[in-house]
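K.L.:
So that you have it, the file is work.txt, and it contains compact mmCIF, C-alpha atoms:
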```txt
# COMPACT_ATOMS: atom_id res chain seq x y z
CA MET A 1 119.58 92.40 78.80
CA GLN A 2 117.46 95.17 77.33
CA ARG A 3 115.61 92.63 75.19
CA TYR A 4 114.90 90.47 78.23
CA LEU A 5 113.63 93.46 80.20
CA SER A 6 111.54 94.88 77.36
CA THR A 7 109.77 91.62 76.45
CA ARG A 8 108.84 90.82 80.08
CA ARG A 9 107.88 94.44 80.72
CA ALA A 10 105.50 94.43 77.75
CA LYS A 11 103.73 91.32 79.05
CA ILE A 12 103.41 92.79 82.54
CA GLN A 13 101.95 95.93 80.99
CA ARG A 14 99.31 93.82 79.22
CA ALA A 15 98.44 92.08 82.49
CA ILE A 16 98.00 95.49 84.16
CA GLN A 17 95.88 96.80 81.29
CA TYR A 18 93.62 93.75 81.33
CA PHE A 19 93.03 93.84 85.10
CA LEU A 20 92.44 97.59 85.28
CA GLY A 21 90.13 97.40 82.27
CA LYS A 22 87.92 94.85 84.05
CA GLU A 23 87.96 96.67 87.37
CA ARG A 24 87.19 100.04 85.80
CA GLN A 25 83.78 98.79 84.68
CA ARG A 26 82.78 98.02 88.27
CA TYR A 27 83.17 101.62 89.40
CA VAL A 28 82.27 103.87 86.46
CA SER A 29 78.85 104.56 87.99
CA VAL A 30 80.25 105.67 91.38
CA ASN A 31 81.20 109.23 90.42
CA GLN A 32 83.25 111.38 88.06
CA TRP A 33 86.56 110.27 89.58
CA SER A 34 86.28 106.60 88.59
CA ASN A 35 87.68 106.92 85.08
CA ASP A 36 90.06 109.63 86.24
CA VAL A 37 91.68 107.37 88.85
CA PHE A 38 91.95 104.34 86.56
CA ASP A 39 93.44 106.46 83.77
CA ARG A 40 96.07 107.92 86.10
CA LEU A 41 96.92 104.57 87.69
CA LEU A 42 97.30 102.90 84.30
CA ASP A 43 99.52 105.68 82.97
CA PHE A 44 101.61 105.78 86.17
CA CYS A 45 102.17 102.01 86.23
CA GLN A 46 103.02 101.80 82.52
CA LYS A 47 105.87 104.32 82.82
CA GLY A 48 107.83 102.34 85.40
CA LYS A 49 110.85 100.11 84.73
CA MET A 50 108.84 97.21 86.23
CA LEU A 51 111.97 95.62 87.69
CA ARG A 52 110.06 94.18 90.65
CA GLY A 53 107.56 92.50 88.39
CA ILE A 54 110.34 91.24 86.15
CA MET A 55 112.06 89.73 89.22
CA VAL A 56 108.90 87.68 89.91
CA VAL A 57 108.85 86.38 86.35
CA PHE A 58 112.59 85.71 86.33
CA ALA A 59 112.54 83.65 89.53
CA TYR A 60 109.49 81.71 88.34
CA GLU A 61 111.18 80.88 85.02
CA ALA A 62 114.50 80.02 86.70
CA CYS A 63 112.72 77.55 88.98
CA GLY A 64 111.03 75.79 86.07
CA GLY A 65 107.56 77.33 86.37
CA LYS A 66 105.25 76.64 83.42
CA ASN A 67 102.07 78.66 84.05
CA MET A 68 103.27 82.05 82.86
CA ARG A 69 99.82 83.64 83.15
CA ILE A 70 99.88 83.41 86.94
CA ALA A 71 103.49 84.64 87.00
CA TYR A 72 102.62 87.77 85.03
CA GLN A 73 99.57 88.42 87.19
CA LEU A 74 101.74 88.32 90.32
CA ALA A 75 104.23 90.56 88.55
CA ALA A 76 101.35 93.01 88.02
CA VAL A 77 100.57 92.77 91.75
CA MET A 78 104.13 93.82 92.56
CA GLU A 79 103.89 96.77 90.17
CA PHE A 80 100.58 97.93 91.67
CA LEU A 81 102.08 97.75 95.16
CA HIS A 82 105.17 99.62 94.01
CA ALA A 83 103.04 102.31 92.36
CA THR A 84 101.02 102.90 95.53
CA LEU A 85 104.17 103.17 97.63
CA LEU A 86 105.68 105.65 95.17
CA ILE A 87 102.53 107.76 95.17
CA HIS A 88 102.61 108.02 98.95
CA ASP A 89 106.39 108.46 98.95
CA ASP A 90 106.09 111.49 96.67
CA ILE A 91 103.57 113.02 99.08
CA MET A 92 105.96 112.53 102.00
CA ASP A 93 108.87 113.93 100.00
CA ARG A 94 106.74 116.74 98.54
CA ASP A 95 108.00 115.84 95.08
CA ILE A 96 105.93 116.95 92.11
CA LEU A 97 108.00 114.93 89.59
CA ARG A 98 108.14 111.19 89.06
CA ARG A 99 109.16 109.08 86.07
CA GLY A 100 109.90 112.10 83.93
CA THR A 101 106.53 113.76 84.40
CA TYR A 102 104.29 115.08 87.16
CA SER A 103 103.77 112.82 90.16
CA ILE A 104 100.17 111.93 91.01
CA GLN A 105 100.05 114.68 93.61
CA GLY A 106 101.62 117.06 91.09
CA GLN A 107 98.96 116.16 88.54
CA TYR A 108 96.11 116.93 90.95
CA ASN A 109 97.88 120.06 92.09
CA ARG A 110 97.86 121.28 88.49
CA TYR A 111 94.23 120.24 88.09
CA ALA A 112 93.25 122.28 91.16
CA THR A 113 95.25 125.28 89.96
CA GLN A 114 93.57 125.17 86.55
CA LYS A 115 90.16 124.98 88.26
CA GLY A 116 91.02 127.94 90.46
CA TYR A 117 90.69 125.96 93.70
CA GLN A 118 92.09 127.44 96.89
CA ASP A 119 94.97 125.50 98.47
CA ALA A 120 95.78 123.47 95.36
CA GLU A 121 98.68 121.80 97.13
CA HIS A 122 96.45 120.34 99.83
CA PHE A 123 94.00 119.17 97.17
CA GLY A 124 96.85 117.44 95.32
CA HIS A 125 98.09 115.70 98.46
CA SER A 126 94.62 114.55 99.48
CA MET A 127 93.63 113.21 96.07
CA ALA A 128 96.95 111.39 95.68
CA ILE A 129 96.50 109.67 99.05
CA ASN A 130 93.19 108.29 97.83
CA VAL A 131 94.65 107.15 94.50
CA GLY A 132 97.43 105.36 96.37
CA ASP A 133 94.90 103.68 98.68
CA ILE A 134 92.76 102.56 95.73
CA GLY A 135 95.83 101.15 93.98
CA PHE A 136 96.79 99.27 97.14
CA PHE A 137 93.39 97.58 97.41
CA LEU A 138 93.42 96.76 93.71
CA ALA A 139 96.79 95.07 94.22
CA LEU A 140 95.48 92.98 97.11
CA LYS A 141 92.40 92.05 95.09
CA LEU A 142 94.53 90.82 92.18
CA LEU A 143 96.78 88.94 94.62
CA ARG A 144 93.76 87.16 96.08
CA GLN A 145 92.33 86.32 92.67
CA THR A 146 95.65 85.01 91.39
CA ILE A 147 96.73 82.70 94.20
CA ASN A 148 93.34 81.66 95.61
CA GLY A 149 93.50 77.91 96.16
CA HIS A 150 97.22 77.65 95.37
CA LYS A 151 99.01 75.25 97.70
CA HIS A 152 101.39 78.02 98.75
CA GLU A 153 98.69 80.70 99.05
CA LYS A 154 99.15 81.20 102.80
CA ASN A 155 102.95 81.45 102.58
CA MET A 156 102.85 83.99 99.75
CA THR A 157 100.11 86.08 101.38
CA GLU A 158 101.93 86.20 104.72
CA LEU A 159 105.15 87.13 102.95
CA VAL A 160 103.51 90.03 101.09
CA TYR A 161 101.82 91.38 104.23
CA GLN A 162 105.01 91.07 106.29
CA GLU A 163 107.12 92.95 103.77
CA LEU A 164 104.56 95.72 103.22
CA ILE A 165 104.33 96.37 106.97
CA SER A 166 108.13 96.43 107.14
CA VAL A 167 108.26 98.94 104.28
CA GLY A 168 105.88 101.20 106.17
CA LEU A 169 108.05 101.02 109.28
CA ALA A 170 111.17 101.71 107.19
CA GLN A 171 109.48 104.73 105.62
CA MET A 172 108.75 106.04 109.11
CA GLU A 173 112.42 105.60 109.99
CA ASP A 174 113.45 107.40 106.80
CA MET A 175 111.11 110.27 107.65
CA ALA A 176 112.35 110.47 111.26
CA LEU A 177 115.98 110.48 110.13
CA GLY A 178 115.15 113.38 107.82
CA PHE A 179 114.00 115.47 110.77
CA GLU A 180 116.92 114.57 113.04
CA GLN A 181 119.87 116.95 112.85
CA GLU A 182 122.33 114.40 114.18
CA ILE A 183 124.04 112.13 111.68
CA PRO A 184 123.19 108.44 112.30
CA ASP A 185 125.71 105.64 112.12
CA GLN A 186 126.00 103.54 108.97
CA GLY A 187 124.32 100.54 110.61
CA ARG A 188 121.08 102.44 111.17
CA VAL A 189 120.98 103.69 107.59
CA SER A 190 121.82 100.22 106.23
CA GLN A 191 118.97 98.71 108.25
CA MET A 192 116.59 101.31 106.80
CA TYR A 193 117.82 100.56 103.27
CA TYR A 194 117.38 96.83 103.90
CA HIS A 195 113.68 97.09 104.77
CA LYS A 196 112.78 100.07 102.59
CA THR A 197 114.34 98.78 99.38
CA ALA A 198 116.16 95.46 99.52
CA ARG A 199 113.45 93.21 100.96
CA TYR A 200 110.41 94.55 99.15
CA SER A 201 112.11 95.43 95.84
CA PHE A 202 114.21 92.30 95.39
CA ILE A 203 113.80 89.65 98.06
CA LEU A 204 109.98 89.72 98.02
CA PRO A 205 109.51 89.36 94.23
CA LEU A 206 112.28 86.76 93.95
CA LEU A 207 110.74 84.70 96.75
CA ILE A 208 107.21 85.01 95.33
CA GLY A 209 108.39 83.70 91.97
CA THR A 210 110.41 80.92 93.59
CA ILE A 211 107.64 79.76 95.94
CA LEU A 212 105.06 79.93 93.14
CA ALA A 213 107.19 77.62 90.98
CA GLY A 214 107.95 75.24 93.87
CA GLY A 215 111.60 76.21 94.15
CA SER A 216 113.74 74.64 96.87
CA ARG A 217 114.41 76.21 100.26
CA VAL A 218 118.10 76.32 99.35
CA LEU A 219 117.32 78.45 96.32
CA GLN A 220 114.98 80.65 98.37
CA GLN A 221 117.83 81.33 100.79
CA GLN A 222 120.26 82.04 97.97
CA PHE A 223 117.84 84.49 96.38
CA THR A 224 117.30 86.13 99.77
CA THR A 225 121.04 86.68 100.24
CA MET A 226 121.46 87.93 96.68
CA GLY A 227 118.38 90.16 96.90
CA GLU A 228 119.69 91.85 100.03
CA SER A 229 122.90 92.92 98.28
CA LEU A 230 121.10 93.88 95.07
CA GLY A 231 118.68 96.03 97.05
CA ILE A 232 121.40 97.89 98.95
CA LEU A 233 123.26 98.43 95.68
CA TYR A 234 120.07 99.70 94.00
CA GLN A 235 119.41 102.21 96.80
CA ILE A 236 122.97 103.53 96.82
CA LYS A 237 122.76 103.99 93.04
CA ASP A 238 119.44 105.81 93.47
CA ASP A 239 121.08 108.13 96.01
CA GLU A 240 123.93 108.79 93.61
CA LEU A 241 121.62 109.56 90.68
CA GLY A 242 119.49 111.82 92.87
CA LEU A 243 122.58 113.93 93.56
CA PHE A 244 124.72 113.69 90.44
CA GLY A 245 122.39 112.36 87.74
CA ASN A 246 120.69 114.27 84.96
CA ALA A 247 117.30 115.35 86.37
CA ALA A 248 115.55 114.99 83.01
CA GLU A 249 116.89 111.46 82.58
CA VAL A 250 116.37 110.39 86.20
CA GLY A 251 112.84 111.77 86.12
CA LYS A 252 112.91 113.23 89.63
CA THR A 253 113.80 116.53 91.27
CA SER A 254 117.57 116.95 91.64
CA GLY A 255 118.89 117.38 95.17
CA LEU A 256 115.59 116.36 96.75
CA ASP A 257 117.36 114.23 99.38
CA ILE A 258 119.23 117.34 100.56
CA ILE A 259 116.07 119.43 100.57
CA GLU A 260 114.32 116.83 102.73
CA GLY A 261 117.32 116.24 104.98
CA LYS A 262 117.59 112.57 103.97
CA LYS A 263 120.33 110.61 105.73
CA THR A 264 121.81 108.64 102.85
CA MET A 265 125.07 106.75 102.45
CA ALA A 266 126.28 109.67 100.32
CA LEU A 267 125.62 112.11 103.14
CA LEU A 268 127.31 109.86 105.70
CA ALA A 269 130.40 109.65 103.48
CA LEU A 270 130.46 113.43 103.07
CA PHE A 271 130.07 114.03 106.80
CA GLN A 272 133.08 111.82 107.51
CA ALA A 273 135.20 113.47 104.81
CA CYS A 274 134.62 117.18 105.41
CA ASN A 275 136.35 119.41 107.98
CA PHE A 276 134.90 120.78 111.21
CA THR A 277 133.67 124.07 109.73
CA GLU A 278 132.05 122.37 106.75
CA ARG A 279 130.50 119.73 109.00
CA LYS A 280 128.97 122.42 111.21
CA LYS A 281 127.43 124.22 108.23
CA LEU A 282 126.22 120.91 106.78
CA LYS A 283 124.40 120.05 110.00
CA THR A 284 122.79 123.49 110.00
CA ILE A 285 121.54 123.03 106.43
CA LEU A 286 120.14 119.59 107.22
CA GLY A 287 118.38 121.00 110.26
CA ILE A 288 116.56 123.64 108.21
CA ARG A 289 114.72 121.29 105.84
CA GLN A 290 113.24 122.74 102.67
CA THR A 291 116.57 124.40 101.97
CA ASN A 292 117.02 126.85 99.10
CA THR A 293 118.78 126.17 95.81
CA ALA A 294 122.02 127.85 96.89
CA MET A 295 122.30 125.54 99.92
CA VAL A 296 121.66 122.46 97.79
CA HIS A 297 124.34 123.53 95.31
CA TRP A 298 126.79 124.13 98.18
CA VAL A 299 126.28 120.56 99.46
CA ILE A 300 126.69 119.08 95.98
CA ARG A 301 129.87 121.12 95.39
CA LEU A 302 131.18 119.85 98.71
CA MET A 303 130.46 116.29 97.59
CA GLU A 304 132.35 116.97 94.37
CA LYS A 305 135.25 118.41 96.37
CA TYR A 306 135.58 115.20 98.40
CA GLN A 307 134.82 112.93 95.43
CA ILE A 308 131.84 111.30 97.11
CA SER A 309 130.61 110.02 93.76
CA ASP A 310 133.84 108.01 93.40
CA GLU A 311 133.40 106.64 96.91
CA LEU A 312 129.85 105.55 96.10
CA HIS A 313 131.07 103.86 92.92
CA ALA A 314 133.66 101.98 94.96
CA LYS A 315 130.95 100.77 97.37
CA GLU A 316 128.79 99.71 94.44
CA GLU A 317 131.64 97.72 92.88
CA ILE A 318 132.34 95.91 96.16
CA ILE A 319 128.68 94.95 96.51
CA GLY A 320 128.61 94.00 92.82
CA GLU A 321 131.48 91.55 93.29
CA LYS A 322 129.67 90.02 96.26
CA VAL A 323 126.55 89.55 94.11
CA ARG A 324 128.59 87.92 91.32
CA LYS A 325 129.92 85.32 93.77
CA ILE A 326 126.39 84.54 94.94
CA ILE A 327 125.18 84.23 91.33
CA LYS A 328 127.99 81.77 90.59
CA ARG A 329 126.73 79.47 93.38
CA LEU A 330 123.03 79.64 92.45
CA LYS A 331 121.30 76.33 91.74
CA VAL A 332 119.87 77.47 88.39
CA LYS A 333 120.78 76.96 84.73
CA ALA A 334 123.66 78.94 83.25
CA GLU A 335 121.33 81.06 81.08
CA TYR A 336 119.65 82.44 84.20
CA LYS A 337 122.99 83.21 85.81
CA ASP A 338 123.91 85.12 82.65
CA THR A 339 120.67 87.09 82.89
CA LEU A 340 121.40 88.00 86.51
CA ASN A 341 124.94 89.09 85.68
CA ASP A 342 123.54 91.26 82.87
CA PHE A 343 121.03 92.74 85.29
CA LEU A 344 123.82 93.47 87.77
CA ASP A 345 125.81 95.26 85.05
CA TYR A 346 122.71 97.26 84.16
CA ASN A 347 122.22 98.24 87.79
CA LEU A 348 125.83 99.34 88.15
CA THR A 349 125.71 101.54 85.05
CA ARG A 350 122.09 102.73 84.90
CA THR A 351 121.39 106.45 84.57
CA ARG A 352 117.74 106.49 85.71
```
Mind converting the file's structure to structure tokens?
P.N.:
Amino acid sequence: MQRYLSTRRAKIQRAIQYFLGKERQRYVSVNQWSNDVFDRLLDFCQKGKMLRGIMVVFAYEACGGKNMRIAYQLAAVMEFLHATLLIHDDIMDRDILRRGTYSIQGQYNRYATQKGYQDAEHFGHSMAINVGDIGFFLALKLLRQTINGHKHEKNMTELVYQELISVGLAQMEDMALGFEQEIPDQGRVSQMYYHKTARYSFILPLLIGTILAGGSRVLQQQFTTMGESLGILYQIKDDELGLFGNAAEVGKTSGLDIIEGKKTMALLALFQACNFTERKKLKTILGIRQTNTAMVHWVIRLMEKYQISDELHAKEEIIGEKVRKIIKRLKVKAEYKDTLNDFLDYNLTRTR
């Protein structure tokens, strides 16, 4: 599986490098920030796992696609879109770490501090918003260039726009839940996971690759069903790693979900397991937002007390078995089913 991921990832990286290299030349005369932005975008994109881009390529190959150049260009589109969403997500979450180094806002925060600017944090936020916006328009430009004149151009364009708008709405829901002191029901959180992660991270790239290669509607529906479960599984695993994973390996701030009052599946499980006194204190902590380290450690110890990590693992295994059954029924060659099963195993055991 690692070989499959690494070879596709390297080709997506080259597609990103080539496109950004061309676009950079158009803007070098604008001002001093042109090279700065393209350098940071290139570095940020290159450090990602590129799973969304790889999903595009996988679906295209599985459906018998032959023009790999267009597949890798669309994979690059997905990675640009993902990068812009992460940049803005880090601003909303006030996270200065991403992918094992400083987030884009963290980088500009440091730049402002070194320059002696007042309100370095605001400078970092503002500059990162612009970098995210630029990356978004670059993604749409590459999308247009890649599928212009393709017989399925309208379908793919509408699909991308629809999912991006849905992600924005899901992010708003995630933010609102973080400010609410009440604990939502599981259905509301699942719906947020579905649109924030499952559709755009798995269903969208799988469908783009399938439509591009002329895959059947039956296969599109199968990939949609599989992508939904894979996306929910991926988000639950992310929640788990954010709480119990090694911060250096995960590449993000530990306990950030608690600090921001995020209503995750892990938190819902804890709220159901703990006693009245613990539940009352937990609600108080979540209502504070921007909690201190001692509060974060108390919540994590409480999760350890009630073995929430084990409960999350159990949920992941149940979803994993569901995905395996869907893979077994897929109308693709056995080698592609094997690749998907390997990817599922990777997702269940990943540490970052």
K.L.:
Find the nearest atom pair between each residue of segment 159-216 of chain A and segment 138-151 of chain A for residues within 10 Å, count all atoms listed in the file, give distances in Å to one decimal, sort rows by chain and ascending number, and present the table as a Markdown table.
P.N.:
```
| residue | atom | partner | partner_atom | distance |
| --- | --- | --- | --- | --- |
| A:Val160 | CA | A:Leu143 | CA | 9.4 |
| A:Tyr161 | CA | A:Leu140 | CA | 9.7 |
| A:Ile211 | CA | A:Lys151 | CA | 9.9 |
| A:Leu212 | CA | A:His150 | CA | 8.5 |
| A:Gly214 | CA | A:Lys151 | CA | 9.7 |
```
K.L.:
To one decimal place, how far is atom CA of Gly135 of chain A from atom CA of Thr84 of chain A in Å?
P.N.:
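Taking atom CA of Gly135 of chain A and atom CA of Thr84 of chain A, their separation equals 5.7 Å.
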K.L.:
Per residue of segment 150-257 of chain A within 9 Å of segment 62-76 of chain A, what are the shortest atom pair and its distance in Å to one decimal, counting only C-alpha atoms, with rows by chain and residue number, as a tab-separated table?
P.N.:
```
residue	atom	partner	partner_atom	distance
A:Pro205	CA	A:Ala75	CA	7.8
A:Ile208	CA	A:Leu74	CA	8.1
A:Gly209	CA	A:Ala71	CA	7.0
A:Thr210	CA	A:Cys63	CA	6.2
A:Ile211	CA	A:Cys63	CA	8.9
A:Leu212	CA	A:Gly65	CA	7.7
A:Ala213	CA	A:Gly65	CA	4.6
A:Gly214	CA	A:Cys63	CA	7.2
A:Gly215	CA	A:Cys63	CA	5.5
A:Ser216	CA	A:Cys63	CA	8.5
A:Leu219	CA	A:Cys63	CA	8.7
```
K.L.:
Just C-alpha atoms for this one: save the residues we selected as a CSV table (one decimal), keeping the file's coordinate frame.
P.N.:
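Full text of selection-v7.csv as output:
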```csv
chain,number,residue,atom,x,y,z
A,205,PRO,CA,109.5,89.4,94.2
A,208,ILE,CA,107.2,85.0,95.3
A,209,GLY,CA,108.4,83.7,92.0
A,210,THR,CA,110.4,80.9,93.6
A,211,ILE,CA,107.6,79.8,95.9
A,212,LEU,CA,105.1,79.9,93.1
A,213,ALA,CA,107.2,77.6,91.0
A,214,GLY,CA,108.0,75.2,93.9
A,215,GLY,CA,111.6,76.2,94.2
A,216,SER,CA,113.7,74.6,96.9
A,219,LEU,CA,117.3,78.4,96.3
```
K.L.:
Find the spatial neighbours of Glu240 of chain A, counting all atoms listed in the file, within a cut-off of 12 Å - ignore same-chain residues fewer than 2 positions away - and output them as a count of residues only.
P.N.:
41
K.L.:
Which of these residues is nearest to Met78 of chain A, using all atoms listed in the file: A:Arg52, A:Arg14, A:Arg98, A:Lys322?
P.N.:
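Of A:Arg52, A:Arg14, A:Arg98, A:Lys322, the one nearest Met78 of chain A is A:Arg52, counting all atoms listed in the file.
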K.L.:
Please indicate the distance in Å from atom CA of Tyr117 of chain A to atom CA of Lys47 of chain A, rounded to one decimal place.
P.N.:
28.6 Å
K.L.:
So, counting only C-alpha atoms, which residue among A:Phe38, A:Phe179, A:Phe58, A:Phe44 is closest to Lys337 of chain A?
P.N.:
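Between A:Phe38, A:Phe179, A:Phe58, A:Phe44, the residue approaching Lys337 of chain A most closely is A:Phe58.
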K.L.:
Please identify all polymer residues within 12 Å of Glu121 of chain A, counting all atoms listed in the file, omitting same-chain residues fewer than 6 positions from it, and present them as a ChimeraX atom specification.
P.N.:
/A:91,94-96,104-113,127-128
K.L.:
Contacts between segment 222-230 of chain A and segment 192-215 of chain A, please, where a residue of segment 192-215 of chain A counts if it comes within 9 Å (with all atoms listed in the file); show its shortest atom pair and distance in Å to one decimal, rows by chain and ascending number, as JSON lines.
P.N.:
```
{"residue": "A:Tyr194", "atom": "CA", "partner": "A:Glu228", "partner_atom": "CA", "distance": 6.7}
{"residue": "A:Thr197", "atom": "CA", "partner": "A:Glu228", "partner_atom": "CA", "distance": 8.8}
{"residue": "A:Ala198", "atom": "CA", "partner": "A:Glu228", "partner_atom": "CA", "distance": 5.1}
{"residue": "A:Arg199", "atom": "CA", "partner": "A:Glu228", "partner_atom": "CA", "distance": 6.5}
{"residue": "A:Ser201", "atom": "CA", "partner": "A:Gly227", "partner_atom": "CA", "distance": 8.3}
{"residue": "A:Phe202", "atom": "CA", "partner": "A:Gly227", "partner_atom": "CA", "distance": 4.9}
{"residue": "A:Ile203", "atom": "CA", "partner": "A:Gly227", "partner_atom": "CA", "distance": 4.8}
{"residue": "A:Leu204", "atom": "CA", "partner": "A:Thr224", "partner_atom": "CA", "distance": 8.3}
{"residue": "A:Leu206", "atom": "CA", "partner": "A:Phe223", "partner_atom": "CA", "distance": 6.5}
{"residue": "A:Leu207", "atom": "CA", "partner": "A:Phe223", "partner_atom": "CA", "distance": 7.1}
{"residue": "A:Thr210", "atom": "CA", "partner": "A:Phe223", "partner_atom": "CA", "distance": 8.7}
```
K.L.:
So the first atom is atom CA of Ile183 of chain A and the second is atom CA of Leu286 of chain A; what is the distance between them in Å, to one decimal place?
P.N.:
9.5 Å
K.L.:
Generate the missing atoms of segment 305-312 of chain A up to all heavy atoms and report them as a PDB file, keeping the file's coordinate frame.
P.N.:
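Okay, this is what ended up in selection.pdb:
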```pdb
ATOM      1  N   LYS A 305     133.936 118.116  95.811  1.00  0.00           N
ATOM      2  CA  LYS A 305     135.250 118.410  96.370  1.00  0.00           C
ATOM      3  C   LYS A 305     135.872 117.157  96.984  1.00  0.00           C
ATOM      4  O   LYS A 305     137.074 116.893  96.804  1.00  0.00           O
ATOM      5  CB  LYS A 305     135.131 119.508  97.431  1.00  0.00           C
ATOM      6  CG  LYS A 305     136.408 119.767  98.221  1.00  0.00           C
ATOM      7  CD  LYS A 305     136.182 120.801  99.319  1.00  0.00           C
ATOM      8  CE  LYS A 305     137.413 120.977 100.191  1.00  0.00           C
ATOM      9  NZ  LYS A 305     137.187 121.970 101.286  1.00  0.00           N
ATOM     10  N   TYR A 306     135.071 116.394  97.711  1.00  0.00           N
ATOM     11  CA  TYR A 306     135.580 115.200  98.400  1.00  0.00           C
ATOM     12  C   TYR A 306     135.353 113.910  97.606  1.00  0.00           C
ATOM     13  O   TYR A 306     135.507 112.820  98.146  1.00  0.00           O
ATOM     14  CB  TYR A 306     134.947 115.098  99.789  1.00  0.00           C
ATOM     15  CG  TYR A 306     135.466 116.156 100.738  1.00  0.00           C
ATOM     16  CD1 TYR A 306     134.677 117.247 101.106  1.00  0.00           C
ATOM     17  CD2 TYR A 306     136.755 116.077 101.257  1.00  0.00           C
ATOM     18  CE1 TYR A 306     135.154 118.222 101.969  1.00  0.00           C
ATOM     19  CE2 TYR A 306     137.240 117.052 102.117  1.00  0.00           C
ATOM     20  CZ  TYR A 306     136.444 118.123 102.468  1.00  0.00           C
ATOM     21  OH  TYR A 306     136.927 119.101 103.323  1.00  0.00           O
ATOM     22  N   GLN A 307     134.969 114.067  96.348  1.00  0.00           N
ATOM     23  CA  GLN A 307     134.820 112.930  95.430  1.00  0.00           C
ATOM     24  C   GLN A 307     133.915 111.835  95.998  1.00  0.00           C
ATOM     25  O   GLN A 307     134.234 110.645  95.940  1.00  0.00           O
ATOM     26  CB  GLN A 307     136.198 112.367  95.075  1.00  0.00           C
ATOM     27  CG  GLN A 307     137.114 113.397  94.402  1.00  0.00           C
ATOM     28  CD  GLN A 307     138.488 112.842  94.092  1.00  0.00           C
ATOM     29  OE1 GLN A 307     139.095 112.183  94.933  1.00  0.00           O
ATOM     30  NE2 GLN A 307     138.971 113.107  92.904  1.00  0.00           N
ATOM     31  N   ILE A 308     132.782 112.261  96.522  1.00  0.00           N
ATOM     32  CA  ILE A 308     131.840 111.300  97.110  1.00  0.00           C
ATOM     33  C   ILE A 308     131.269 110.369  96.062  1.00  0.00           C
ATOM     34  O   ILE A 308     131.012 109.195  96.336  1.00  0.00           O
ATOM     35  CB  ILE A 308     130.699 112.059  97.840  1.00  0.00           C
ATOM     36  CG1 ILE A 308     131.278 112.939  98.961  1.00  0.00           C
ATOM     37  CG2 ILE A 308     129.671 111.083  98.395  1.00  0.00           C
ATOM     38  CD1 ILE A 308     132.094 112.187  99.983  1.00  0.00           C
ATOM     39  N   SER A 309     131.104 110.872  94.842  1.00  0.00           N
ATOM     40  CA  SER A 309     130.610 110.020  93.760  1.00  0.00           C
ATOM     41  C   SER A 309     131.549 108.832  93.536  1.00  0.00           C
ATOM     42  O   SER A 309     131.106 107.692  93.361  1.00  0.00           O
ATOM     43  CB  SER A 309     130.471 110.827  92.468  1.00  0.00           C
ATOM     44  OG  SER A 309     130.005 110.008  91.415  1.00  0.00           O
ATOM     45  N   ASP A 310     132.857 109.091  93.567  1.00  0.00           N
ATOM     46  CA  ASP A 310     133.840 108.010  93.400  1.00  0.00           C
ATOM     47  C   ASP A 310     133.739 107.006  94.550  1.00  0.00           C
ATOM     48  O   ASP A 310     133.869 105.791  94.342  1.00  0.00           O
ATOM     49  CB  ASP A 310     135.254 108.580  93.329  1.00  0.00           C
ATOM     50  CG  ASP A 310     135.500 109.371  92.057  1.00  0.00           C
ATOM     51  OD1 ASP A 310     134.713 109.212  91.104  1.00  0.00           O
ATOM     52  OD2 ASP A 310     136.472 110.148  92.020  1.00  0.00           O
ATOM     53  N   GLU A 311     133.522 107.530  95.757  1.00  0.00           N
ATOM     54  CA  GLU A 311     133.400 106.640  96.910  1.00  0.00           C
ATOM     55  C   GLU A 311     132.154 105.758  96.796  1.00  0.00           C
ATOM     56  O   GLU A 311     132.194 104.568  97.130  1.00  0.00           O
ATOM     57  CB  GLU A 311     133.340 107.465  98.202  1.00  0.00           C
ATOM     58  CG  GLU A 311     133.354 106.618  99.458  1.00  0.00           C
ATOM     59  CD  GLU A 311     133.589 107.427 100.721  1.00  0.00           C
ATOM     60  OE1 GLU A 311     134.114 108.554 100.627  1.00  0.00           O
ATOM     61  OE2 GLU A 311     133.254 106.921 101.806  1.00  0.00           O
ATOM     62  N   LEU A 312     131.061 106.335  96.296  1.00  0.00           N
ATOM     63  CA  LEU A 312     129.850 105.550  96.100  1.00  0.00           C
ATOM     64  C   LEU A 312     130.068 104.472  95.043  1.00  0.00           C
ATOM     65  O   LEU A 312     129.627 103.331  95.198  1.00  0.00           O
ATOM     66  CB  LEU A 312     128.679 106.454  95.693  1.00  0.00           C
ATOM     67  CG  LEU A 312     128.190 107.453  96.740  1.00  0.00           C
ATOM     68  CD1 LEU A 312     127.046 108.287  96.177  1.00  0.00           C
ATOM     69  CD2 LEU A 312     127.729 106.737  98.010  1.00  0.00           C
TER      70      LEU A 312
END
```
